[in-house]
$ cat start-v8.cif   # mmCIF, C-alpha atoms
data_structure
loop_
_atom_site.group_PDB
_atom_site.id
_atom_site.type_symbol
_atom_site.label_atom_id
_atom_site.label_comp_id
_atom_site.auth_asym_id
_atom_site.auth_seq_id
_atom_site.Cartn_x
_atom_site.Cartn_y
_atom_site.Cartn_z
ATOM 1 C CA MET A 1425 126.389 102.908 110.674
ATOM 2 C CA SER A 1426 128.296 105.381 108.524
ATOM 3 C CA GLU A 1427 131.183 107.534 109.661
ATOM 4 C CA TYR A 1428 129.655 110.383 107.649
ATOM 5 C CA LEU A 1429 126.335 110.498 109.506
ATOM 6 C CA ARG A 1430 126.288 111.782 113.075
ATOM 7 C CA LEU A 1431 123.234 111.422 115.311
ATOM 8 C CA GLU A 1432 123.169 113.533 118.451
ATOM 9 C CA THR A 1433 120.431 113.000 120.999
ATOM 10 C CA GLY A 1434 119.890 114.489 124.417
ATOM 11 C CA GLY A 1435 116.771 116.371 125.315
ATOM 12 C CA ALA A 1436 113.707 116.783 123.158
ATOM 13 C CA VAL A 1437 115.492 117.692 119.899
ATOM 14 C CA ALA A 1438 117.771 115.230 118.105
ATOM 15 C CA THR A 1439 120.098 116.294 115.293
ATOM 16 C CA LEU A 1440 121.217 114.094 112.410
ATOM 17 C CA THR A 1441 124.166 115.682 110.618
ATOM 18 C CA ILE A 1442 125.457 114.745 107.183
ATOM 19 C CA ASP A 1443 129.216 115.205 107.603
ATOM 20 C CA ARG A 1444 131.179 114.531 104.449
ATOM 21 C CA PRO A 1445 132.485 117.993 103.549
ATOM 22 C CA ALA A 1446 135.163 116.780 101.131
ATOM 23 C CA LYS A 1447 132.358 115.526 98.856
ATOM 24 C CA ARG A 1448 129.896 118.363 99.535
ATOM 25 C CA ASN A 1449 127.975 115.862 101.654
ATOM 26 C CA ALA A 1450 127.295 113.569 98.704
ATOM 27 C CA MET A 1451 125.467 110.466 99.893
ATOM 28 C CA SER A 1452 127.254 107.133 99.398
ATOM 29 C CA PHE A 1453 125.568 103.735 99.316
ATOM 30 C CA GLU A 1454 126.867 103.135 102.837
ATOM 31 C CA MET A 1455 125.283 106.378 104.026
ATOM 32 C CA TRP A 1456 121.929 105.608 102.417
ATOM 33 C CA SER A 1457 122.059 102.146 103.984
ATOM 34 C CA ALA A 1458 122.724 103.562 107.449
ATOM 35 C CA LEU A 1459 119.790 105.981 107.528
ATOM 36 C CA PRO A 1460 116.981 103.525 108.428
ATOM 37 C CA GLY A 1461 118.878 102.300 111.496
ATOM 38 C CA LEU A 1462 119.556 105.848 112.656
ATOM 39 C CA LEU A 1463 115.913 106.815 112.198
ATOM 40 C CA ALA A 1464 114.876 103.723 114.170
ATOM 41 C CA ARG A 1465 116.974 104.979 117.081
ATOM 42 C CA VAL A 1466 115.154 108.311 116.966
ATOM 43 C CA ALA A 1467 111.778 106.564 116.818
ATOM 44 C CA GLU A 1468 112.601 104.409 119.827
ATOM 45 C CA ASP A 1469 113.878 107.270 122.019
ATOM 46 C CA ASP A 1470 110.851 108.516 123.946
ATOM 47 C CA ALA A 1471 112.746 111.630 125.062
ATOM 48 C CA VAL A 1472 113.129 112.832 121.469
ATOM 49 C CA ARG A 1473 110.189 114.829 120.139
ATOM 50 C CA VAL A 1474 111.704 116.508 117.053
ATOM 51 C CA LEU A 1475 114.462 115.562 114.601
ATOM 52 C CA VAL A 1476 116.575 118.129 112.733
ATOM 53 C CA LEU A 1477 118.395 116.946 109.608
ATOM 54 C CA ARG A 1478 121.280 119.194 108.614
ATOM 55 C CA GLY A 1479 124.551 119.390 106.726
ATOM 56 C CA GLY A 1480 127.442 121.807 107.030
ATOM 57 C CA GLU A 1481 128.494 124.226 104.311
ATOM 58 C CA HIS A 1482 126.200 122.160 102.092
ATOM 59 C CA PHE A 1483 123.114 120.154 102.974
ATOM 60 C CA SER A 1484 123.900 117.499 100.362
ATOM 61 C CA ALA A 1485 124.994 117.656 96.735
ATOM 62 C CA GLY A 1486 123.160 114.376 96.077
ATOM 63 C CA ALA A 1487 124.187 110.776 95.529
ATOM 64 C CA ASP A 1488 127.901 110.048 95.216
ATOM 65 C CA ILE A 1489 128.460 110.286 91.471
ATOM 66 C CA GLY A 1490 131.528 108.046 91.693
ATOM 67 C CA GLU A 1491 129.319 105.086 92.522
ATOM 68 C CA PHE A 1492 127.529 105.290 89.174
ATOM 69 C CA ALA A 1493 130.516 103.548 87.590
ATOM 70 C CA THR A 1494 130.665 100.855 90.291
ATOM 71 C CA LEU A 1495 127.676 100.082 92.496
ATOM 72 C CA ARG A 1496 125.151 101.638 90.105
ATOM 73 C CA ARG A 1497 126.632 100.165 86.948
ATOM 74 C CA GLY A 1498 124.050 98.277 84.896
ATOM 75 C CA ALA A 1499 120.348 97.751 85.436
ATOM 76 C CA GLU A 1500 120.686 95.344 88.370
ATOM 77 C CA GLY A 1501 123.068 97.587 90.282
ATOM 78 C CA ALA A 1502 120.938 100.649 89.599
ATOM 79 C CA ALA A 1503 117.813 98.856 90.865
ATOM 80 C CA ARG A 1504 119.557 97.720 94.065
ATOM 81 C CA TYR A 1505 120.895 101.216 94.666
ATOM 82 C CA GLY A 1506 117.484 102.759 94.022
ATOM 83 C CA GLU A 1507 115.821 100.431 96.503
ATOM 84 C CA THR A 1508 118.332 101.438 99.167
ATOM 85 C CA VAL A 1509 117.718 105.137 98.530
ATOM 86 C CA HIS A 1510 113.962 104.488 98.686
ATOM 87 C CA ARG A 1511 114.261 102.773 102.086
ATOM 88 C CA ALA A 1512 116.274 105.691 103.426
ATOM 89 C CA GLU A 1513 113.793 108.260 102.163
ATOM 90 C CA ARG A 1514 110.861 106.273 103.582
ATOM 91 C CA ALA A 1515 112.579 105.994 106.973
ATOM 92 C CA ILE A 1516 112.560 109.783 107.225
ATOM 93 C CA ALA A 1517 109.146 110.343 105.671
ATOM 94 C CA THR A 1518 107.406 107.789 107.898
ATOM 95 C CA LEU A 1519 109.054 108.747 111.185
ATOM 96 C CA GLY A 1520 106.259 109.350 113.675
ATOM 97 C CA LYS A 1521 107.903 112.515 114.981
ATOM 98 C CA PRO A 1522 108.217 115.970 113.377
ATOM 99 C CA THR A 1523 111.252 116.460 111.156
ATOM 100 C CA ILE A 1524 112.943 119.686 110.038
ATOM 101 C CA ALA A 1525 115.509 119.979 107.248
ATOM 102 C CA ALA A 1526 117.961 122.832 107.898
ATOM 103 C CA ILE A 1527 119.195 123.546 104.379
ATOM 104 C CA THR A 1528 122.498 125.188 103.531
ATOM 105 C CA GLY A 1529 124.403 125.422 100.266
ATOM 106 C CA PHE A 1530 123.668 122.710 97.728
ATOM 107 C CA CYS A 1531 120.492 120.667 98.146
ATOM 108 C CA ILE A 1532 120.602 118.726 94.918
ATOM 109 C CA GLY A 1533 119.335 115.343 93.676
ATOM 110 C CA GLY A 1534 119.298 112.895 96.558
ATOM 111 C CA GLY A 1535 119.884 115.791 98.944
ATOM 112 C CA CYS A 1536 116.636 117.382 97.828
ATOM 113 C CA GLU A 1537 114.987 113.978 98.136
ATOM 114 C CA LEU A 1538 116.049 113.823 101.791
ATOM 115 C CA ALA A 1539 114.846 117.375 102.430
ATOM 116 C CA LEU A 1540 111.462 116.659 100.850
ATOM 117 C CA ALA A 1541 111.073 113.620 103.099
ATOM 118 C CA CYS A 1542 111.124 115.993 106.094
ATOM 119 C CA ASP A 1543 107.991 117.727 107.351
ATOM 120 C CA LEU A 1544 109.444 121.247 107.249
ATOM 121 C CA ARG A 1545 112.279 122.803 105.250
ATOM 122 C CA ILE A 1546 114.057 125.917 106.523
ATOM 123 C CA ALA A 1547 116.755 127.273 104.210
ATOM 124 C CA GLU A 1548 119.515 129.843 104.164
ATOM 125 C CA ASP A 1549 119.191 132.507 101.494
ATOM 126 C CA GLY A 1550 122.182 131.135 99.581
ATOM 127 C CA ALA A 1551 120.822 127.586 99.286
ATOM 128 C CA ARG A 1552 120.387 126.019 95.854
ATOM 129 C CA PHE A 1553 117.892 123.295 94.929
ATOM 130 C CA GLY A 1554 117.596 120.834 92.086
ATOM 131 C CA ILE A 1555 116.375 117.334 91.256
ATOM 132 C CA THR A 1556 118.400 115.941 88.377
ATOM 133 C CA PRO A 1557 117.313 112.455 87.197
ATOM 134 C CA ALA A 1558 116.744 113.841 83.686
ATOM 135 C CA LYS A 1559 120.503 114.466 83.461
ATOM 136 C CA LEU A 1560 121.250 110.823 84.279
ATOM 137 C CA GLY A 1561 118.611 108.793 82.475
ATOM 138 C CA ILE A 1562 116.849 107.895 85.729
ATOM 139 C CA VAL A 1563 113.116 107.973 86.441
ATOM 140 C CA TYR A 1564 112.492 109.575 89.826
ATOM 141 C CA SER A 1565 110.689 107.242 92.230
ATOM 142 C CA PHE A 1566 106.919 107.443 92.655
ATOM 143 C CA THR A 1567 106.985 108.193 96.385
ATOM 144 C CA SER A 1568 109.609 110.928 96.081
ATOM 145 C CA THR A 1569 107.773 112.420 93.098
ATOM 146 C CA LYS A 1570 104.643 112.513 95.250
ATOM 147 C CA GLN A 1571 106.550 114.348 97.993
ATOM 148 C CA LEU A 1572 107.600 116.915 95.388
ATOM 149 C CA VAL A 1573 104.077 117.280 93.957
ATOM 150 C CA ASP A 1574 102.644 117.652 97.462
ATOM 151 C CA ALA A 1575 105.114 120.489 98.125
ATOM 152 C CA VAL A 1576 105.047 122.465 94.869
ATOM 153 C CA GLY A 1577 102.092 121.181 92.821
ATOM 154 C CA PRO A 1578 102.156 119.248 89.545
ATOM 155 C CA ALA A 1579 103.190 122.058 87.196
ATOM 156 C CA TRP A 1580 106.306 123.027 89.121
ATOM 157 C CA ALA A 1581 107.098 119.373 89.820
ATOM 158 C CA LYS A 1582 107.115 118.751 86.083
ATOM 159 C CA GLN A 1583 109.350 121.758 85.395
ATOM 160 C CA ILE A 1584 111.804 120.713 88.111
ATOM 161 C CA LEU A 1585 111.953 117.100 86.908
ATOM 162 C CA TYR A 1586 111.868 117.820 83.168
ATOM 163 C CA THR A 1587 114.687 120.374 83.258
ATOM 164 C CA GLY A 1588 116.918 119.457 86.197
ATOM 165 C CA GLU A 1589 117.496 123.184 86.627
ATOM 166 C CA VAL A 1590 118.905 124.541 89.877
ATOM 167 C CA LEU A 1591 116.615 126.952 91.743
ATOM 168 C CA ASP A 1592 117.615 129.672 94.163
ATOM 169 C CA ALA A 1593 116.198 129.902 97.669
ATOM 170 C CA ALA A 1594 113.783 132.734 96.843
ATOM 171 C CA THR A 1595 112.218 130.690 94.044
ATOM 172 C CA ALA A 1596 112.112 127.605 96.259
ATOM 173 C CA GLN A 1597 110.172 129.519 98.886
ATOM 174 C CA ARG A 1598 107.838 131.113 96.335
ATOM 175 C CA ILE A 1599 106.787 127.741 94.908
ATOM 176 C CA GLY A 1600 106.469 126.018 98.295
ATOM 177 C CA LEU A 1601 109.593 123.869 98.144
ATOM 178 C CA VAL A 1602 110.753 125.410 101.430
ATOM 179 C CA ASN A 1603 108.792 126.920 104.309
ATOM 180 C CA GLU A 1604 111.142 129.735 105.280
ATOM 181 C CA VAL A 1605 114.338 131.429 104.059
ATOM 182 C CA HIS A 1606 116.751 133.250 106.376
ATOM 183 C CA PRO A 1607 120.225 134.803 106.188
ATOM 184 C CA ALA A 1608 122.888 132.147 106.730
ATOM 185 C CA GLU A 1609 123.913 133.528 110.104
ATOM 186 C CA GLU A 1610 120.324 133.373 111.371
ATOM 187 C CA LEU A 1611 119.469 129.880 110.146
ATOM 188 C CA PRO A 1612 120.785 127.850 113.130
ATOM 189 C CA SER A 1613 118.969 129.973 115.690
ATOM 190 C CA ARG A 1614 115.713 129.901 113.727
ATOM 191 C CA VAL A 1615 115.851 126.111 113.320
ATOM 192 C CA LYS A 1616 116.618 125.716 117.022
ATOM 193 C CA GLU A 1617 113.749 128.042 117.952
ATOM 194 C CA LEU A 1618 111.288 126.221 115.705
ATOM 195 C CA ALA A 1619 112.366 122.747 116.848
ATOM 196 C CA GLU A 1620 112.104 123.703 120.510
ATOM 197 C CA LEU A 1621 108.712 125.323 119.972
ATOM 198 C CA ILE A 1622 107.322 122.173 118.340
ATOM 199 C CA ALA A 1623 108.910 120.043 121.068
ATOM 200 C CA SER A 1624 107.123 122.148 123.697
ATOM 201 C CA ARG A 1625 103.676 121.414 122.255
ATOM 202 C CA ALA A 1626 101.512 118.460 123.271
ATOM 203 C CA PRO A 1627 102.993 115.369 121.585
ATOM 204 C CA VAL A 1628 99.543 113.805 121.240
ATOM 205 C CA SER A 1629 98.415 116.856 119.241
ATOM 206 C CA VAL A 1630 101.523 116.996 117.054
ATOM 207 C CA ARG A 1631 101.422 113.252 116.407
ATOM 208 C CA GLY A 1632 97.737 113.450 115.504
ATOM 209 C CA ALA A 1633 98.295 116.411 113.184
ATOM 210 C CA LYS A 1634 101.131 114.658 111.351
ATOM 211 C CA THR A 1635 99.074 111.495 110.966
ATOM 212 C CA ILE A 1636 96.004 113.306 109.639
ATOM 213 C CA VAL A 1637 97.946 115.530 107.213
ATOM 214 C CA ASN A 1638 99.736 112.463 105.877
ATOM 215 C CA ARG A 1639 96.434 110.630 105.470
ATOM 216 C CA ILE A 1640 94.999 113.588 103.541
ATOM 217 C CA THR A 1641 97.990 113.749 101.190
ATOM 218 C CA ALA A 1642 97.700 109.969 100.747
ATOM 219 C CA GLY A 1643 94.215 110.500 99.334
ATOM 220 C CA HIS A 1644 91.915 109.921 102.309
ATOM 221 C CA GLN A 1645 88.894 112.214 102.005
ATOM 222 C CA GLU A 1646 86.839 111.456 105.110
ATOM 223 C CA GLU A 1647 87.176 110.751 108.793
ATOM 224 C CA ASP A 1648 87.284 107.067 109.628
ATOM 225 C CA ASP A 1649 87.769 104.942 112.718
ATOM 226 C CA ALA A 1650 91.542 105.471 112.654
ATOM 227 C CA VAL A 1651 91.124 109.251 112.745
ATOM 228 C CA ARG A 1652 88.422 109.101 115.399
ATOM 229 C CA ALA A 1653 90.792 106.985 117.499
ATOM 230 C CA LEU A 1654 93.254 109.895 117.410
ATOM 231 C CA TYR A 1655 90.587 112.245 118.785
ATOM 232 C CA ASP A 1656 89.750 109.734 121.519
ATOM 233 C CA GLU A 1657 93.403 109.218 122.451
ATOM 234 C CA ALA A 1658 93.847 112.981 122.827
ATOM 235 C CA VAL A 1659 90.860 113.701 125.059
ATOM 236 C CA HIS A 1660 91.773 110.827 127.363
ATOM 237 C CA SER A 1661 95.425 111.843 127.613
ATOM 238 C CA ALA A 1662 97.290 113.472 130.469
ATOM 239 C CA GLU A 1663 98.370 116.114 127.961
ATOM 240 C CA TYR A 1664 94.765 117.203 127.413
ATOM 241 C CA ALA A 1665 94.214 117.443 131.161
ATOM 242 C CA GLU A 1666 97.377 119.520 131.540
ATOM 243 C CA GLY A 1667 96.507 121.760 128.587
ATOM 244 C CA VAL A 1668 93.057 122.554 129.971
ATOM 245 C CA ALA A 1669 94.415 123.120 133.482
ATOM 246 C CA ALA A 1670 97.135 125.449 132.180
ATOM 247 C CA PHE A 1671 94.604 127.426 130.140
ATOM 248 C CA LEU A 1672 92.295 127.882 133.147
ATOM 249 C CA GLU A 1673 95.207 128.777 135.419
ATOM 250 C CA LYS A 1674 96.641 131.218 132.826
ATOM 251 C CA ARG A 1675 100.055 129.569 132.687
ATOM 252 C CA ALA A 1676 102.172 127.821 130.100
ATOM 253 C CA PRO A 1677 101.389 124.088 129.838
ATOM 254 C CA ARG A 1678 104.076 121.585 130.847
ATOM 255 C CA PHE A 1679 103.938 118.757 128.354
#
$ encode --input "start-v8.cif" --output "structure tokens"
Amino acid sequence: MSEYLRLETGGAVATLTIDRPAKRNAMSFEMWSALPGLLARVAEDDAVRVLVLRGGEHFSAGADIGEFATLRRGAEGAARYGETVHRAERAIATLGKPTIAAITGFCIGGGCELALACDLRIAEDGARFGITPAKLGIVYSFTSTKQLVDAVGPAWAKQILYTGEVLDAATAQRIGLVNEVHPAEELPSRVKELAELIASRAPVSVRGAKTIVNRITAGHQEEDDAVRALYDEAVHSAEYAEGVAAFLEKRAPRF
């Protein structure tokens, strides 16, 4: 694991913090490599229902530019590095639990890639966003490009990728890159409130919703046996029984 990534669990909400302030939370090869193992720990912890991914003053300024002259030097090194970034992004995107990116400061390049891998993005009003492969002679990966297109649509995805321009938080919200924007001092409380609210809902419902939305964005157009199995799992679950009982008894459900 990396000294610059801190996973805190305990209760229903886990927090994964990028903690490399001297480099504006730039992601090193070691940090990218550590992410899949950390996400596996979250997946395996049955007590955890929601993961928050956050930084400090900055969410992440992207990949560590110093490694372009060493680990990313030449085609072979660049390919190896890209594969490691891809595995890290996929570990977040495919986690079977809801994920929230709490975005502060710079959210650039690989930082934006990490944020887009999360289900929800909540930003402070001073956050800045950009995806910059066009400044480096890199072609952005297919899966991360799809995450961007799913969030903002093809026209804005093209503008973001063609130009590498940095967008402010208001623009990011307007185009769908982030869900919500709040003053910096209100961001932690809003993220905490949202994470705890999701964690309080029926896990079988949240898990089913995430699965179905992901299937739709993957191109599935119709219900199939896999989707019908989700319906069946829900109606036979203890959570369904509790939800119905709570509704009839006019009380909050205890999931």
$ resolve_selection --input "start-v8.cif" --expression "the PyMOL selection byres ((chain A and resi 1433-1439) around 6)" --output "compact mmCIF listing (two decimals) with C-alpha atoms, keeping the file's coordinate frame"
# COMPACT_ATOMS: atom_id res chain seq x y z
CA LEU A 1431 123.23 111.42 115.31
CA GLU A 1432 123.17 113.53 118.45
CA LEU A 1440 121.22 114.09 112.41
CA ALA A 1471 112.75 111.63 125.06
CA VAL A 1472 113.13 112.83 121.47
CA ARG A 1473 110.19 114.83 120.14
CA VAL A 1474 111.70 116.51 117.05
CA LEU A 1475 114.46 115.56 114.60
CA VAL A 1476 116.58 118.13 112.73
CA LEU A 1477 118.40 116.95 109.61
$ closest_atom_pairs --input "start-v8.cif" --of "segment 1600-1678 of chain A" --to "segment 1479-1498 of chain A" --cutoff "12 Å" --atoms "all atoms listed in the file" --output "JSON lines"
{"residue": "A:Ala1608", "atom": "CA", "partner": "A:Glu1481", "partner_atom": "CA", "distance": 10.0}
{"residue": "A:Glu1609", "atom": "CA", "partner": "A:Glu1481", "partner_atom": "CA", "distance": 11.9}
{"residue": "A:Leu1611", "atom": "CA", "partner": "A:Gly1480", "partner_atom": "CA", "distance": 11.8}
{"residue": "A:Pro1612", "atom": "CA", "partner": "A:Gly1480", "partner_atom": "CA", "distance": 10.9}
$ closest_residue --input "start-v8.cif" --among "A:Ser1613, A:Thr1635, A:Thr1518, A:Ser1624" --to "Tyr1655 of chain A" --atoms "all atoms listed in the file"
A:Thr1635
$ closest_atom_pairs --input "start-v8.cif" --of "segment 1635-1656 of chain A" --to "segment 1570-1594 of chain A" --cutoff "12 Å" --atoms "all atoms listed in the file" --output "Markdown table"
| residue | atom | partner | partner_atom | distance |
| --- | --- | --- | --- | --- |
| A:Val1637 | CA | A:Asp1574 | CA | 11.0 |
| A:Asn1638 | CA | A:Asp1574 | CA | 10.3 |
| A:Ile1640 | CA | A:Asp1574 | CA | 10.6 |
| A:Thr1641 | CA | A:Asp1574 | CA | 7.1 |
| A:Ala1642 | CA | A:Lys1570 | CA | 9.2 |
| A:Gly1643 | CA | A:Asp1574 | CA | 11.2 |
$ closest_residue --input "start-v8.cif" --among "A:Arg1614, A:Arg1552, A:Arg1598, A:His1510" --to "Tyr1564 of chain A" --atoms "all atoms listed in the file"
A:His1510
$ residues_around --input "start-v8.cif" --residues "Ile1636 of chain A" --least-positions-apart "2" --cutoff "12 Å" --atoms "only C-alpha atoms" --output "list of chain:residue names"
A:Gly1520, A:Ser1629, A:Val1630, A:Arg1631, A:Gly1632, A:Ala1633, A:Lys1634, A:Asn1638, A:Arg1639, A:Ile1640, A:Thr1641, A:Ala1642, A:Gly1643, A:His1644, A:Gln1645, A:Glu1646, A:Glu1647, A:Asp1648, A:Ala1650, A:Val1651, A:Arg1652, A:Ala1653, A:Leu1654, A:Tyr1655
$ write_last_selection --input "start-v8.cif" --atoms "C-alpha atoms" --output "JSON list (two decimals), in the coordinates of the input"
[["chain", "number", "residue", "atom", "x", "y", "z"],
["A", 1520, "GLY", "CA", 106.26, 109.35, 113.68],
["A", 1629, "SER", "CA", 98.42, 116.86, 119.24],
["A", 1630, "VAL", "CA", 101.52, 117.00, 117.05],
["A", 1631, "ARG", "CA", 101.42, 113.25, 116.41],
["A", 1632, "GLY", "CA", 97.74, 113.45, 115.50],
["A", 1633, "ALA", "CA", 98.30, 116.41, 113.18],
["A", 1634, "LYS", "CA", 101.13, 114.66, 111.35],
["A", 1638, "ASN", "CA", 99.74, 112.46, 105.88],
["A", 1639, "ARG", "CA", 96.43, 110.63, 105.47],
["A", 1640, "ILE", "CA", 95.00, 113.59, 103.54],
["A", 1641, "THR", "CA", 97.99, 113.75, 101.19],
["A", 1642, "ALA", "CA", 97.70, 109.97, 100.75],
["A", 1643, "GLY", "CA", 94.22, 110.50, 99.33],
["A", 1644, "HIS", "CA", 91.92, 109.92, 102.31],
["A", 1645, "GLN", "CA", 88.89, 112.21, 102.00],
["A", 1646, "GLU", "CA", 86.84, 111.46, 105.11],
["A", 1647, "GLU", "CA", 87.18, 110.75, 108.79],
["A", 1648, "ASP", "CA", 87.28, 107.07, 109.63],
["A", 1650, "ALA", "CA", 91.54, 105.47, 112.65],
["A", 1651, "VAL", "CA", 91.12, 109.25, 112.74],
["A", 1652, "ARG", "CA", 88.42, 109.10, 115.40],
["A", 1653, "ALA", "CA", 90.79, 106.98, 117.50],
["A", 1654, "LEU", "CA", 93.25, 109.90, 117.41],
["A", 1655, "TYR", "CA", 90.59, 112.24, 118.78]]
$ atom_distance --input "start-v8.cif" --atom1 "atom CA of Thr1523 of chain A" --atom2 "atom CA of Leu1621 of chain A"
12.8 Å
$ closest_residue --input "start-v8.cif" --among "A:Ala1467, A:Val1563, A:Ile1516, A:Cys1536" --to "Met1451 of chain A" --atoms "only C-alpha atoms"
A:Cys1536
$ residues_around --input "start-v8.cif" --residues "segment 1545-1547 of chain A" --least-positions-apart "3" --cutoff "8 Å" --atoms "all atoms listed in the file" --output "PyMOL selection string"
chain A and resi 1524-1528+1539-1540+1542+1551+1593+1601-1606+1611+1615
$ atom_distance --input "start-v8.cif" --atom1 "atom CA of Ala1515 of chain A" --atom2 "atom CA of Ala1541 of chain A"
8.7 Å
$ residues_around --input "start-v8.cif" --residues "segment 1499-1508 of chain A" --least-positions-apart "3" --cutoff "8 Å" --atoms "all atoms listed in the file" --output "ChimeraX atom specification"
/A:1453,1456-1457,1495-1496,1511-1512
$ decode --input "start-v8.cif" --residues "segment 1472-1520 of chain A" --atoms "C-alpha atoms" --output "compact mmCIF listing (two decimals), in the first residue's frame"
# COMPACT_ATOMS: atom_id res chain seq x y z
CA VAL A 1472 -19.19 -0.52 4.72
CA ARG A 1473 -22.07 0.66 2.55
CA VAL A 1474 -20.63 3.84 0.98
CA LEU A 1475 -17.12 4.98 0.04
CA VAL A 1476 -16.05 8.64 -0.03
CA LEU A 1477 -12.94 9.51 -2.04
CA ARG A 1478 -11.40 12.83 -1.05
CA GLY A 1479 -8.23 14.89 -1.04
CA GLY A 1480 -7.21 17.84 1.09
CA GLU A 1481 -6.63 21.34 -0.24
CA HIS A 1482 -6.69 19.65 -3.65
CA PHE A 1483 -8.47 16.51 -4.79
CA SER A 1484 -5.64 15.57 -7.15
CA ALA A 1485 -3.61 17.52 -9.68
CA GLY A 1486 -3.24 14.35 -11.77
CA ALA A 1487 -0.45 11.87 -12.45
CA ASP A 1488 2.98 12.69 -11.06
CA ILE A 1489 4.59 14.57 -13.93
CA GLY A 1490 8.08 13.66 -12.70
CA GLU A 1491 7.48 10.04 -13.64
CA PHE A 1492 7.09 10.91 -17.32
CA ALA A 1493 10.88 11.11 -17.56
CA THR A 1494 11.40 7.81 -15.71
CA LEU A 1495 8.64 5.23 -15.43
CA ARG A 1496 6.67 6.60 -18.39
CA ARG A 1497 9.66 7.12 -20.65
CA GLY A 1498 9.22 5.42 -24.02
CA ALA A 1499 6.33 3.45 -25.46
CA GLU A 1500 6.78 0.37 -23.26
CA GLY A 1501 6.93 2.36 -20.04
CA ALA A 1502 3.95 4.48 -21.05
CA ALA A 1503 1.90 1.35 -21.84
CA ARG A 1504 2.76 -0.26 -18.49
CA TYR A 1505 1.91 2.94 -16.64
CA GLY A 1506 -1.36 3.30 -18.54
CA GLU A 1507 -2.40 -0.24 -17.69
CA THR A 1508 -1.79 0.45 -14.00
CA VAL A 1509 -3.89 3.62 -14.12
CA HIS A 1510 -6.63 1.69 -15.93
CA ARG A 1511 -6.71 -1.00 -13.22
CA ALA A 1512 -6.99 1.65 -10.54
CA GLU A 1513 -9.81 3.45 -12.31
CA ARG A 1514 -11.66 0.17 -12.91
CA ALA A 1515 -11.31 -0.79 -9.24
CA ILE A 1516 -13.27 2.31 -8.30
CA ALA A 1517 -15.75 2.20 -11.17
CA THR A 1518 -16.65 -1.46 -10.61
CA LEU A 1519 -16.93 -1.37 -6.82
CA GLY A 1520 -20.31 -2.82 -5.93
